[in-house]
Amino acid sequence: MLYIKCPYCGLRAQKEFSYGGDATVKRPNINEEVSSEDWDNFVYMRKSPRGKHIELWQHIAGCRQWIKVQRDTATHEIFQTAKVTEEIR
Amino acid sequence: MQKYSVFSLIKNAFSNHQNWEVAWKDPTPKSEYDVVIIGGGGHGLATAYYLAKEHNIRNVAIIEKGWIGGGNVGRNTTIIRSNFMYDANARFNEFGMDLWRNLSQELNFNVMFSPRGIINLAHSDAQMNAYARRGNSMRLNGIDAKLLDRDEVKKLIPMADFSDEVRFPIFGGLMQPSAGTARHDAVAWGYARQADDMGVDIIQHCEVTGFDVVNGKIKGIRTSRGDIKAKKVGLCVAGSTNILAEKLNMTLPIETHVLQACVSEPVKPLLDGVVTFGAGHFYISQSDKGEMVMGGDLDGYNSYAQRGNLPTIQHVLTGGLALFPFLSRLKMLRTWGGIMDMSMDGSPIIDKTHIEGLYLNCGWCYGGFKSTPVSGWTFAHTIAQDQVHELNSELRLNRFSTGHLLDEKGLGTKTWIG
C-alpha cells in the first residue's frame, strides 16, 4: 500500500486516490498556432522515466483535489507532494 | 543437436539423465555481428530464431540483461488468443495462431499449446451487442467466434454464480474455441535452443549501456561486457523500452506500468479454458498442475518495480469472487508482477526508426505472450528486409501522428486504466 500525503488532508492510503499521469506534460497554449508535432508530443509521447517521476493524483475519495506527487517509479518511494498549482523541484 | 523424443528420454534414463547436452551455450560476445537483438525474452528469442530460419541470417547475438525467460515471458498468464475486432490486430494474431499450432513440432520442444477456448462474459444486453459485433468482425477475418447465450455459458462453466441475487448476472458471452494456453517457459527455451543450434549467440547477464550512432546510422552498442559492433540492432525489451529510448534521445508513445498476477493452490480439474469477467477486470484459467491462474488490472501508476501492491490484488479478486464464489475457499499460492510497455492505443509497434539500422518492437501492453511467434516472425522480416511486412504494416510508430490508431478498447491515452 502506498501512503500519499494529501496537501489538504494529510497522510492517506493509496485506495483513496486516483492516478492522473505525468504532471510534466504541458498542454500547448490556446489561441496560438500549434504544430501537429506539438500536439503529437502532448497527447502521445511520454518519457516514463525509471526513477523520480512527478505525477498527478486526485484525492477522489477525500477532498477531491488534484495534487502533484514526486515518486520513484523503481522503488515506489514518495519524496514530495504539493498542490497542483505549486511546483515540485 | 540432440533430438528430444521418447527414445532419447529412455536412452538418457540409463545414465540417470546426467548426459543430456546443454540446451544452449554460454558464449563470450564477439566484437561484431550482423544483427544484435536486445532483450532475451520470448519476442527477442523468436526474432533471432526466425532471422536464422526464414532469412538465413545467423551471425546474430541476443543481449540479455538478466537471464533468458526471466522477464515477462515467465511472468504472464499464458493466454493465447486472436479475438480482436480490428483487421490489423486480427490478421496479425491469427497468423500467430497458425504458428502456435505447429510450434511444438517445429521447435522439437513441447510448449504444451492447449487450445481449450476463451470465453469473454457479457453482463448486459449492450455488452452482448458489442460481442456480437466483435464476433462478426472476427469471423470475417477467418477466426472462429461463437456467441453463447446464458444457458450455453452455464453448461461450460456451471461453477460460476448463476443465482438470482448476483449483482452482475451473466447474459452470455463470446467464445473463441481455438484460443488457449501454453507453457510459457517452454516457449522461451524452445526458441533459445533452436536459435543457438543455428548459430545465434545468446549472451546473458550483459546490460546495454549505450548506443553508437554515427550520422543517423547505428554502428553498434555499448554493454557491460564491452562494445559490440552491429550492422543492425533490434529492440525487444518490453517494459525497459523507455530506458533504452532515452539513451537514443527518442521519446515514444509508451508508458511503463506494473501488472500483477497470482495463482491459487492446486486443485482438481475444474475449469476448462480461459474465462474473463465482463463487469470488472478479471481473468482466470487453470494450469495443468491445477492452480487457478488469475490476473486483472494494472496497479495504475508508472512503475518499473516488477512487484505491485496488495490493494490491486484485492480489487481484482473481488471481481473474481463475484464471478466464481468458490475462489473464497482457496489459498493463494503466490503473486508476482511484471512491467508492461503500455502503448497509447493499446496496440503494439513493430517498425523501423528514424535511425538507420535500428528497429523497434514494443508497446505490447499486457498482451505480448500470445503474439510471441508472430512478433518474432514479422520483426525478423522487418530487420532482414529493412521494410515492414504486410502483417505489421499498420503497427507502425507514425500511426500516432497520422491518426491511424488501433484503439481496440477505446480507452484513449490513459494507459493505466487498461
# chains A, B, ... in the order shown; residues from 1 in each chain; ligands from 1
>>> interface_residues(of="chain A", to="chain B", cutoff="6 Å", atoms="only C-alpha atoms", output="number ranges by chain")
A: 1, 40, 44-48, 73-74
>>> select_by_dssp(residues="segment 152-392 of chain B", states="helix (DSSP H, G or I)", output="ChimeraX atom specification")
/B:152-156,184-197,238-247,310-323,325-329,369-385,390-392
>>> residues_around(residues="segment 20-23 of chain A", least_positions_apart="3", cutoff="6 Å", atoms="only C-alpha atoms", output="ChimeraX atom specification")
/A:54-57
>>> select_by_dssp(residues="chain A", states="strand (DSSP E or B)", output="PyMOL selection string")
chain A and resi 3-6+10-13+18-22+46+52-58+66-72+78-83
>>> residues_around(residues="Arg167 of chain B", least_positions_apart="2", cutoff="12 Å", atoms="only C-alpha atoms", output="PDB file with C-alpha atoms, in the first residue's frame")
ATOM      1  CA  HIS B 123     -23.409  -8.927 -18.221  1.00  0.00           C
ATOM      2  CA  SER B 124     -25.826  -6.668 -20.122  1.00  0.00           C
ATOM      3  CA  ASP B 161     -22.540 -17.642  -9.932  1.00  0.00           C
ATOM      4  CA  PHE B 162     -25.833 -18.094 -11.806  1.00  0.00           C
ATOM      5  CA  SER B 163     -28.009 -17.297  -8.764  1.00  0.00           C
ATOM      6  CA  ASP B 164     -30.706 -14.603  -8.690  1.00  0.00           C
ATOM      7  CA  GLU B 165     -29.020 -12.372  -6.092  1.00  0.00           C
ATOM      8  CA  PRO B 169     -25.843 -11.584 -13.899  1.00  0.00           C
ATOM      9  CA  ILE B 170     -24.291 -13.485 -16.810  1.00  0.00           C
ATOM     10  CA  ALA B 279     -18.172  -6.429 -15.285  1.00  0.00           C
ATOM     11  CA  GLY B 280     -14.669  -5.935 -13.907  1.00  0.00           C
ATOM     12  CA  GLY B 319     -14.237  -9.311  -9.191  1.00  0.00           C
ATOM     13  CA  LEU B 321     -15.257 -13.760  -6.197  1.00  0.00           C
ATOM     14  CA  ALA B 322     -18.289 -12.094  -7.753  1.00  0.00           C
ATOM     15  CA  LEU B 323     -17.944 -14.463 -10.707  1.00  0.00           C
TER      16      LEU B 323
END
>>> residues_around(residues="Lys146 of chain B", least_positions_apart="3", cutoff="8 Å", atoms="only C-alpha atoms", output="ChimeraX atom specification")
/B:135,174-177
>>> residues_around(residues="Cys9 of chain A", least_positions_apart="4", cutoff="12 Å", atoms="only C-alpha atoms", output="NGL selection string")
:A and (4-5 or 13 or 16-17 or 59-65 or 67 or 81-83)
>>> atom_distance(atom1="atom CA of Ile284 of chain B", atom2="atom CA of Asn83 of chain B")
16.4 Å
>>> closest_residue(among="B:Phe7, B:Trp100, B:Trp336, B:Tyr359", to="Ile38 of chain B", atoms="only C-alpha atoms")
B:Tyr359
>>> residues_around(residues="Lys52 of chain A", least_positions_apart="2", cutoff="8 Å", atoms="only C-alpha atoms", output="ChimeraX atom specification")
/A:49-50,54,70-73
>>> closest_residue(among="B:Lys3, B:Lys154, B:Arg399, B:Arg183", to="Gln105 of chain B", atoms="only C-alpha atoms")
B:Lys3
